[in-house]
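Student: If you scroll down you'll find the structure; I have some questions about it.
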Amino acid sequence: MLCLPLPDFVIKKINSICRSFIWTGKATNSRKSPVAWHHVCKPVKQGGLNILNLQVWNSVALMKSLWNICMKVDNLWVKWVHTYYLKGRNYDAEINTNNCTWILKCIMTKIQDISGVQHLWNSMIAQAKFQMMKVYSMLMGDDSRIDWYHLMSHNFARPRAKVIMWLAIQDRLPTKMRLHRLGLLQDTTCALCGVAEESVDHILFHCSHTVRLWDRLLEWLDKQTAGTMNFNWIKRVTKGKGQNKGMLKATLTEVVYGIWMHRNKRIFDTVMDNMDIQCMARDIIDTLVYRRWQKPNYRKIIVNTLM
């Protein structure tokens, strides 16, 4: 990427493979993605998964090659460019592109992109250090933060659980209500209680089967809801720093994941088992203890909750 602008069809193909792997674990596309790829590529603070945007990253890499030419780094290729093309002129001087190689033409076209990061470019020229991630972040734009960024930050829950929480808080989980709105399903009855309509809020917080699991885990954390449980409550109680907040974020994330996996098991598995609250709560607690017992700062919190 430092010397070749990847063709759009190549980037599209790579993105297709990455997208399929994220959602299905396979390289072939088998179903529609629940979240648009450009949103997935956003930074975590903007609600994405921080997957590299290849098109922007390719542009940044080419700008680094342009920066190498500008700084006249001790590189044989850079010396060759200055000797045969620039001939003592500045990097932004107009050169005869008819005799240029295709690679050099692509690199020199990035001069027009410098205006978008001019202040940072001047700073990197002064420091003699090119910072690719800073340029990438500036080109991605939009510094606004989502109001649930802190829930994803410093959350030691399993990655698979964090992705489910990420989807749930954006109402992207394929619940029966969502599939019904998309015209893919007629039955909207909750897979667990069989009474209410299966929305994200219902199956995660208000279903009679899941409420008992929440009560058990919040009792373990010595935490009370003080009102109706929903994502607004989760956003509010997980704000702040410290080990207690970290334990709370991970616990809430693992509970959401556990409920969703049990719901899927009830729908897709042939065995219709009952929801064993004590067993599920024990599995979640074991997962949390396993992932943080080696951290001295969390060990005291874990001991207190297990007593």
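Please note that chains go A, B, ... in the order of the structure tokens, that every chain numbers its residues from 1, and that ligands are numbered from 1 in the order shown.
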If we count only C-alpha atoms, what is near A:Pro5 at a cut-off of 7 Å, once residues fewer than 4 positions away on the same chain are taken out, given as a list in words?

Tutor: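 Using only C-alpha atoms, the neighbours found are Met1, Asn58 and Cys106 of chain A.
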
Student: Give me, as a ChimeraX atom specification, all polymer residues having an atom no more than 12 Å from A:Trp77, counting only C-alpha atoms and skipping those fewer than 4 positions away in the same chain.

Tutor: /A:3,65-66,68-69,72-73,81-85,103-104

Student: Leaving out A:Lys239 and any residue of its chain fewer than 3 positions from it, which residues lie within 7 Å of it when counting only C-alpha atoms, given as a list in words?

Tutor: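 Counting only the stated atoms, we get His150, Lys235 and Arg236 of chain A.
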
Student: Take atom CA of A:Ile107 and atom CA of A:Met63 and report the distance between them in Å, one decimal.

Tutor: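 Here the two named atoms are 6.9 Å from each other.
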
Student: Counting only C-alpha atoms, which of A:Lys32, A:Lys265, A:Arg158, A:Arg216 gets nearest to A:Tyr290?

Tutor: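 The shortest atom-to-atom distance to A:Tyr290 comes from A:Arg158.
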
Student: From a DSSP calculation on the backbone, collect every residue of stretch 84-297 of chain A in alpha helix (DSSP H) and output the set as a PyMOL selection string.

Tutor: chain A and resi 102-108+118-127+132-140+149-152+159-169+176-181+200-201+208-220+231-237+243-268+277-292+296-297

Student: If you count only C-alpha atoms, which residues fall within 10 Å of A:Asp143, apart from same-chain ones fewer than 5 positions away, as a ChimeraX atom specification?

Tutor: /A:43,45-46,137-138

Student: Taking N, CA and C atoms for each residue, export the selection above as an mmCIF file, in the first residue's frame.

Tutor:
data_model
loop_
_atom_site.group_PDB
_atom_site.id
_atom_site.type_symbol
_atom_site.label_atom_id
_atom_site.label_comp_id
_atom_site.auth_asym_id
_atom_site.auth_seq_id
_atom_site.Cartn_x
_atom_site.Cartn_y
_atom_site.Cartn_z
ATOM 1 N N PRO A 43 -14.195 4.335 14.261
ATOM 2 C CA PRO A 43 -13.554 4.079 15.556
ATOM 3 C C PRO A 43 -14.583 3.673 16.609
ATOM 4 N N LYS A 45 -15.102 4.877 19.503
ATOM 5 C CA LYS A 45 -15.751 6.022 20.133
ATOM 6 C C LYS A 45 -16.882 6.594 19.280
ATOM 7 N N GLN A 46 -16.900 6.238 17.988
ATOM 8 C CA GLN A 46 -17.969 6.689 17.103
ATOM 9 C C GLN A 46 -18.984 5.587 16.822
ATOM 10 N N SER A 137 -6.897 9.002 11.250
ATOM 11 C CA SER A 137 -8.007 9.468 12.083
ATOM 12 C C SER A 137 -8.551 10.794 11.582
ATOM 13 N N MET A 138 -7.677 11.673 11.140
ATOM 14 C CA MET A 138 -8.121 12.977 10.648
ATOM 15 C C MET A 138 -8.884 12.832 9.332
#

Student: Counting only C-alpha atoms, which residues of stretch 66-174 of chain A sit at most 12 Å from some atom of stretch 15-28 of chain A, and what is each one's closest atom pair with its distance in Å to one decimal, listed by chain and rising residue number, as a Markdown table?

Tutor:
| residue | atom | partner | partner_atom | distance |
| --- | --- | --- | --- | --- |
| A:Pro159 | CA | A:Ile22 | CA | 11.5 |
| A:Arg160 | CA | A:Ile22 | CA | 10.3 |
| A:Val163 | CA | A:Ile22 | CA | 9.9 |
| A:Ile164 | CA | A:Trp23 | CA | 11.0 |
| A:Leu167 | CA | A:Trp23 | CA | 11.4 |
| A:Leu173 | CA | A:Trp23 | CA | 12.0 |

Student: Store the residues picked out above, limited to N, CA, C and O atoms, as a compact mmCIF listing (two decimals), in the first residue's frame.

Tutor:
# COMPACT_ATOMS: atom_id res chain seq x y z
N PRO A 159 -14.70 -11.11 23.56
CA PRO A 159 -14.97 -10.35 22.33
C PRO A 159 -16.32 -10.69 21.71
O PRO A 159 -17.04 -9.82 21.24
N ARG A 160 -16.69 -11.97 21.72
CA ARG A 160 -17.97 -12.36 21.12
C ARG A 160 -19.13 -11.74 21.91
O ARG A 160 -20.16 -11.37 21.32
N VAL A 163 -19.42 -8.00 20.98
CA VAL A 163 -20.05 -7.78 19.68
C VAL A 163 -21.57 -7.89 19.80
O VAL A 163 -22.32 -7.09 19.21
N ILE A 164 -22.06 -8.87 20.58
CA ILE A 164 -23.50 -9.00 20.78
C ILE A 164 -24.06 -7.79 21.50
O ILE A 164 -25.13 -7.26 21.15
N LEU A 167 -24.23 -4.94 19.02
CA LEU A 167 -25.39 -5.06 18.14
C LEU A 167 -26.69 -4.75 18.88
O LEU A 167 -27.58 -4.09 18.33
N LEU A 173 -29.81 -6.69 16.59
CA LEU A 173 -29.95 -8.13 16.74
C LEU A 173 -31.17 -8.62 15.96
O LEU A 173 -32.21 -7.95 15.95
